[in-house]
Amino acid sequence: VQLQASGGGLVQAGDSLRLSCTAPGRIFSRSTMGWFRQAPGKEREFVALITRSGGSTDYANAVSGRFTISRNNAKNTVTLQMNSLRPEDTAVYLCASKNVISSNNYHYTDPDEYDYWGQGTQVTVSS
């Protein structure tokens, strides 16, 4: 299963970027979708998630108020809008899917709980 992430780039502090991730429909429609990031020499960390229904979201404290996650079920796409970027946001950003039943609104923030991963997209924020 291939998740395709895109939208990364090199920006200056304070700028915005919009990341997108597309998954196969049979996967996307049954999944909580998450964004994670990994900086050099650091562990993979949770950034944001949106539940299968789209009715609930969650954010890491470091990005809360600056990042917004959303999903378009018709296009099988999850988007991460990143505003007011900071140098410490520099990392490879990865999208992931977690298969859940329709009534499950649990917030999965552990990367080990996710089933499928995209290849990652580099975000670099200069000061």
# chains A, B, ... in the order shown; residues from 1 in each chain; ligands from 1
>>> residues_around(residues="stretch 40-53 of chain A", least_positions_apart="5", cutoff="10 Å", atoms="only C-alpha atoms", output="VMD selection string")
chain A and resid 28 to 35 58 to 64 67 to 71 73 78 to 80 90 to 112
>>> select_by_dssp(residues="chain A", states="strand (DSSP E or B)", output="VMD selection string")
chain A and resid 3 to 6 9 to 12 17 to 22 31 to 38 45 to 50 57 to 59 67 to 72 77 to 82 91 to 99 116 to 118 121 to 126
>>> closest_residue(among="A:Leu19, A:Leu3, A:Ile27, A:Val11", to="A:Gly118", atoms="only C-alpha atoms")
A:Leu3
>>> residues_around(residues="A:Asp15", least_positions_apart="3", cutoff="8 Å", atoms="only C-alpha atoms", output="list in words")
Val11, Gln12, Asn83, Ser84 and Leu85 of chain A
>>> select_by_dssp(residues="chain A", states="alpha helix (DSSP H)", output="JSON, numbers by chain")
{"A": [25, 26, 27, 28]}
>>> atom_distance(atom1="atom CA of A:Met82", atom2="atom CA of A:Gln119")
18.9 Å
>>> atom_distance(atom1="atom CA of A:Ala39", atom2="atom CA of A:Tyr114")
19.1 Å
>>> decode(residues="stretch 91-102 of chain A", atoms="N, CA and C atoms", output="CSV table (one decimal), in the first residue's frame")
chain,number,residue,atom,x,y,z
A,91,ALA,N,12.0,19.0,9.4
A,91,ALA,CA,11.9,17.6,9.5
A,91,ALA,C,11.4,17.0,8.2
A,92,VAL,N,11.5,15.7,8.2
A,92,VAL,CA,10.8,14.9,7.2
A,92,VAL,C,9.4,14.7,7.7
A,93,TYR,N,8.4,15.0,7.0
A,93,TYR,CA,7.0,14.8,7.4
A,93,TYR,C,6.4,13.6,6.7
A,94,LEU,N,5.8,12.7,7.5
A,94,LEU,CA,5.2,11.5,7.0
A,94,LEU,C,3.8,11.4,7.3
A,95,CYS,N,3.0,10.9,6.4
A,95,CYS,CA,1.6,10.6,6.6
A,95,CYS,C,1.4,9.1,6.9
A,96,ALA,N,0.4,8.8,7.6
A,96,ALA,CA,0.2,7.4,8.0
A,96,ALA,C,-1.3,7.1,8.1
A,97,SER,N,-1.7,5.9,8.0
A,97,SER,CA,-3.1,5.5,8.1
A,97,SER,C,-3.2,4.4,9.2
A,98,LYS,N,-4.3,4.5,9.9
A,98,LYS,CA,-4.6,3.5,10.9
A,98,LYS,C,-6.0,3.0,10.7
A,99,ASN,N,-6.1,1.7,10.3
A,99,ASN,CA,-7.4,1.1,10.1
A,99,ASN,C,-8.3,1.0,11.4
A,100,VAL,N,-9.5,1.6,11.3
A,100,VAL,CA,-10.3,1.6,12.5
A,100,VAL,C,-11.8,1.3,12.1
A,101,ILE,N,-12.6,0.9,13.0
A,101,ILE,CA,-14.0,0.7,12.7
A,101,ILE,C,-14.7,2.1,12.8
A,102,SER,N,-15.8,2.2,12.1
A,102,SER,CA,-16.4,3.5,11.9
A,102,SER,C,-16.7,4.3,13.2
